[in-house]
Amino acid sequence: MGPWLLRRLGQVLPTLLILSVLIFGLQQLMPGDPALILAGEERGDPQVLAQIRAELRLDRPLPEQYLHWLGRVLVGDFGFSWRIREPVGALILAKLPVTFQLAGMAFAIALLIGVPMGVLSAVRRDRPLDWLANGIALFGISTPNFWLGIMLILLFSVELGWLPPSGYVPLTEDPLQSLATTIMPAFVLGNSIAGVLMRHTRAAMLTALSQDYVRTARAKGLPERVVVAKHALRNALIPVITLGTIEFGRLLAGAVLTEQIFTIPGFGKLIVDAVFNRDYPVVQGVVLATALIFVLLSLVADLLTMAVNPRLRTA
Amino acid sequence: MRPPVLEVIGLTVEFATDRGPLRAVDGVSFRVGAGETLAVVGESGCGKSVTSLAIMGLLPPGTRLGGAVRLLGEELLGQPGRAWQGRRGRDLAMIFQEPMTSLNPAFTAGEQVAEALRLHEGLAPRAAMDRAVEMLARVRIPEAARRARQYPHQLSGGMRQRVMIAMALACRPRLLIADEPTTALDVTVQAQILALLDELKRETGTAVVLITHDLGVVADHADRVAVMYAGRIAETAPADTLFARPEHPYTVGLLGAVPAIEGGAGRLASIEGTVPDLRRPPPGCRFAPRCPFAGRDCEAQPPLAEVGAGHAAACWRAPLDRMLAA
Ligand SMILES: Nc1ncnc2c1ncn2[C@@H]1O[C@H](COP(=O)(O)OP(=O)(O)O)[C@@H](O)[C@H]1O
Ligand code: SF4
Ligand SMILES: [Mg+2]
């Protein structure tokens with residue numbers, strides 16, 4: 001286990017390093033001079049501009065800027081936001097739980113809908129229930145998030161007045177209200193993933209159900225429910241977990257747009273604002289943090305896969 | 001008289017396929033008593049596996065079954081699926097041709113044997129696992145306790161088939177169907193597995209249906225033989241009688257293809273021609289297109305008629321020796 005973990009980290013570090021170079025290089029291509037934006041009213045004064053550039057090291061050569069930034073990151077210092085004048089690390093830590101709550105709820109919704117629906121439609125293959133499940137999945141996959149989001153707001157907030165159309169209350173402050181502010185965006189996000197999970201689960205279940213060991217389980221006299229839920233599902237989950245983690249990553253990306261629609265002050269909003277304001281330290285910090293999250297996710301996926309697949313545990 | 005353990009009467013199995021109905025089994029009858037081994041032999045595709053899956057009630061839903069399957073005199077075919085399910089693994093058990101894929105890769109060998117015991121004997125998990133380890137030891141798996149904790153991929157093919165046997169026999173079934181249990185294994189392991197099955201059968205009095213296309217196996221391990229051809233029984237007899245006096249041209253062909261029965265290494269070598277398409281079988285005797293003795297009368301289906309004590313053949317020319325003498 002220990003050596004395995006080290007090996008995994010050894011694979012990941014070079015990736016992160018290349019990524020950090022890319023982030024640094026790419027944002028130089030963004031139009032607009034950060035000094036001009038930061039100077040605001042005084043943007044006509046060359047002395048102010050020079051001072052800002054010196055302060056932010058924008059007058060140094062690019063490689064030097066990069067190495068300086070990297071050196072600080074390695075000791076856990078992501079720098080200060082140019083715009084908000086707060087440490088980037090603190091900003092990220094403040095926004096992360098919001099997005100994680102949203103993504104977590106969305107993923108739970110996706111799992112609760114997608115996996116059972118996939119199992120049912122595999123068991124009832126080519127029968128009305130299968131068609132219905134496939135129809136629902138197709139709807140989930142093909143509905144644009146922004147459209148579904150607006151429809152939900154129109155129905156539940158404007159028409160019925162049951163849920164707030166926007167805003168966010170932290171879980172720690174008022175759990176119920178927190179759920180009320182996140183359930184609609186979580187559903188919008190989860191809905192698209194549910195369809196994908198359903199299709200994956202259905203395919204994996206169909207494969208599992210046609211295996212010889214399923215026939216053995218039936219020959220043993222197990223009730224069909226146990227054959228499906230224990231013998232087939234256990235094996236079908238292996239590919240579903242891998243694909244599920246990829247979907248979870250996509251869901252974090254999807255959160256950017258959804259947070260905009262529902263004005264939720266999460267990670268997505270943080271990065272969108274930072275890009276518009278040319279707030280480079282924030283952009284760099286957020287992208288790097290996202291990359292780290294992906295790395296952690298794939299680690300979790302591997303651990304889960306090992307848990308359900310003894311061939312990996314006992315190789 | 002006590003009913004036989006298994007009695008199959010006029011069994012028919014019909015699949016609906018894209019290109020029309022396929023009658024894979026057409027009027028098959030046989031019986032097996034306690035402690036008896038019936039070998040079912042025939043070329044690949046003649047309906048051996050379908051017959052055994054029909055007895056187990058394991059054919060896909062939508063398959064049309066006809067005739068009767070009686071276990072200890074009790075009819076199974078008409079029963080709801082649930083009643084049948086309750087007897088599988090307890091009264092009726094089966095081991096399959098593919099030891100490499102028949103065990104679930106996600107559970108240990110011990111868990112898979114214990115599962116049957118928990119289900120049918122209501123044992124608690126611990127007790128079931130203890131019994132499972134006992135069973136594994138009984139099928140001669142060395143270090144059974146350690147092997148019980150291993151997963152299928154950690155076991156060899158022969159070992160996996162032993163686990164399958166342990167699983168099948170864990171609840172002391174009245175009937176065991178072994179569908180080509182050693183075909184996928186190498187020769188030494190084959191012999192060991194078959195010897196093990198014989199020994200366990202003697203101890204438990206289980207009735208065994210041994211499906212094989214290896215006539216050497218029949219000679220060494222069967223009491224009776226049923227030879228199948230294209231979904232029907234061509235000939236049935238006590239094993240020695242069949243080898244001494246085969247009466248059906250197909251059986252004669254099969255035996256002719258066995259170099260030395262005593263050597264035990266013979267497989268069904270090819271007889272001229274191929275097995276008919278079961279969607280469009282020849283009218284009358286299905287062996288006619290390949291039969292050297294075929295004549296006009298063979299366009300009518302020959303009944304499985306008695307030709308000796310416990311010996312029947314479905315051929316208009318049987319008994320053959322009479323005809324050859326003439
Ligand atoms: N589920 C099924 N649907 C359609 N045809 C089948 C099915 N299972 C078996 N068959 C056909 O039934 C015939 C007998 O097959 P089988 O019993 O497996 O032969 P074998 O004697 O080699 O065990 C074959 O022609 C096979 O193609
Ligand atoms: S009935 Fe006729 S065709 Fe069929 S096996 Fe006998 S002789 Fe041959
Ligand atoms: Mg077969």
# chains A, B, ... in the order shown; residues from 1 in each chain; ligands from 1
>>> closest_atom_pairs(of="chain B", to="ligand 3", cutoff="10 Å", atoms="only C-alpha atoms and all ligand atoms", output="JSON lines")
{"residue": "B:Gly42", "atom": "CA", "partner": "ligand 3", "partner_atom_place_in_ligand_line": "1 (Mg)", "distance": 9.6}
{"residue": "B:Glu43", "atom": "CA", "partner": "ligand 3", "partner_atom_place_in_ligand_line": "1 (Mg)", "distance": 9.1}
{"residue": "B:Ser44", "atom": "CA", "partner": "ligand 3", "partner_atom_place_in_ligand_line": "1 (Mg)", "distance": 6.4}
{"residue": "B:Gly45", "atom": "CA", "partner": "ligand 3", "partner_atom_place_in_ligand_line": "1 (Mg)", "distance": 6.8}
{"residue": "B:Cys46", "atom": "CA", "partner": "ligand 3", "partner_atom_place_in_ligand_line": "1 (Mg)", "distance": 8.3}
{"residue": "B:Gly47", "atom": "CA", "partner": "ligand 3", "partner_atom_place_in_ligand_line": "1 (Mg)", "distance": 7.2}
{"residue": "B:Lys48", "atom": "CA", "partner": "ligand 3", "partner_atom_place_in_ligand_line": "1 (Mg)", "distance": 5.6}
{"residue": "B:Ser49", "atom": "CA", "partner": "ligand 3", "partner_atom_place_in_ligand_line": "1 (Mg)", "distance": 4.2}
{"residue": "B:Val50", "atom": "CA", "partner": "ligand 3", "partner_atom_place_in_ligand_line": "1 (Mg)", "distance": 7.4}
{"residue": "B:Thr51", "atom": "CA", "partner": "ligand 3", "partner_atom_place_in_ligand_line": "1 (Mg)", "distance": 9.3}
{"residue": "B:Ser52", "atom": "CA", "partner": "ligand 3", "partner_atom_place_in_ligand_line": "1 (Mg)", "distance": 9.0}
{"residue": "B:Leu53", "atom": "CA", "partner": "ligand 3", "partner_atom_place_in_ligand_line": "1 (Mg)", "distance": 9.9}
{"residue": "B:Phe96", "atom": "CA", "partner": "ligand 3", "partner_atom_place_in_ligand_line": "1 (Mg)", "distance": 8.9}
{"residue": "B:Gln97", "atom": "CA", "partner": "ligand 3", "partner_atom_place_in_ligand_line": "1 (Mg)", "distance": 7.5}
{"residue": "B:Asp179", "atom": "CA", "partner": "ligand 3", "partner_atom_place_in_ligand_line": "1 (Mg)", "distance": 6.7}
{"residue": "B:Glu180", "atom": "CA", "partner": "ligand 3", "partner_atom_place_in_ligand_line": "1 (Mg)", "distance": 7.1}
{"residue": "B:Ile211", "atom": "CA", "partner": "ligand 3", "partner_atom_place_in_ligand_line": "1 (Mg)", "distance": 8.0}
{"residue": "B:Thr212", "atom": "CA", "partner": "ligand 3", "partner_atom_place_in_ligand_line": "1 (Mg)", "distance": 8.3}
{"residue": "B:His213", "atom": "CA", "partner": "ligand 3", "partner_atom_place_in_ligand_line": "1 (Mg)", "distance": 9.1}
>>> select_by_dssp(residues="stretch 12-118 of chain A", states="helix (DSSP H, G or I)", output="JSON, numbers by chain")
{"A": [12, 13, 14, 15, 16, 17, 18, 19, 20, 21, 22, 23, 24, 25, 26, 27, 28, 34, 35, 36, 37, 38, 39, 40, 41, 42, 43, 44, 46, 47, 48, 49, 50, 51, 52, 53, 54, 55, 62, 63, 64, 65, 66, 67, 68, 69, 70, 71, 72, 73, 74, 88, 89, 90, 91, 92, 93, 94, 95, 96, 97, 98, 99, 100, 101, 102, 103, 104, 105, 106, 107, 108, 109, 110, 111, 112, 113, 114, 115, 116, 117, 118]}
>>> closest_residue(among="B:Cys291, B:Val113, B:Val13, B:Met167", to="B:Thr274", atoms="only C-alpha atoms")
B:Cys291
>>> interface_residues(of="chain B", to="chain A", cutoff="7 Å", atoms="only C-alpha atoms", output="number ranges by chain")
B: 85-89, 93-94, 101-104, 106, 116, 153
>>> atom_distance(atom1="atom CA of A:Pro185", atom2="atom CA of A:Leu270")
16.9 Å
>>> residues_near_ligand(ligand="ligand 2", cutoff="9 Å", atoms="only C-alpha atoms and all ligand atoms", output="PyMOL selection string")
chain B and resi 234+248-250+284-303+313-318+320
>>> residues_around(residues="A:Ile52", least_positions_apart="5", cutoff="9 Å", atoms="only C-alpha atoms", output="compact mmCIF listing (two decimals) with N, CA and C atoms, in the first residue's frame")
# COMPACT_ATOMS: atom_id res chain seq x y z
N ALA A 35 -1.86 45.50 -14.85
CA ALA A 35 -1.51 46.76 -14.18
C ALA A 35 -2.53 47.84 -14.52
N LEU A 38 -5.68 47.16 -12.57
CA LEU A 38 -5.53 47.43 -11.14
C LEU A 38 -5.40 48.92 -10.84
N ALA A 39 -4.82 49.66 -11.78
CA ALA A 39 -4.62 51.09 -11.54
C ALA A 39 -5.94 51.85 -11.50
N GLN A 47 3.73 56.63 -13.63
CA GLN A 47 4.47 56.32 -12.40
C GLN A 47 3.72 55.29 -11.55
N ARG A 57 6.00 42.35 -9.53
CA ARG A 57 7.08 41.71 -10.27
C ARG A 57 6.72 41.51 -11.74
N LEU A 58 5.78 42.29 -12.23
CA LEU A 58 5.39 42.14 -13.64
C LEU A 58 6.47 42.65 -14.57
>>> closest_residue(among="B:Gly110, B:Gly62, B:Gly256, B:Gly27", to="B:Leu215", atoms="only C-alpha atoms")
B:Gly256
>>> residues_around(residues="A:Pro265", least_positions_apart="5", cutoff="8 Å", atoms="only C-alpha atoms", output="NGL selection string")
:A and (95 or 98 or 167-168 or 259 or 270)
>>> select_by_dssp(residues="stretch 54-193 of chain B", states="strand (DSSP E or B)", output="PyMOL selection string")
chain B and resi 64-71+74-75+88+92-95+175-179
>>> residues_around(residues="A:Leu138", least_positions_apart="6", cutoff="10 Å", atoms="only C-alpha atoms", output="list in words")
Leu132, Ser192, Ala194, Gly195, Val196, Met198 and Arg199 of chain A
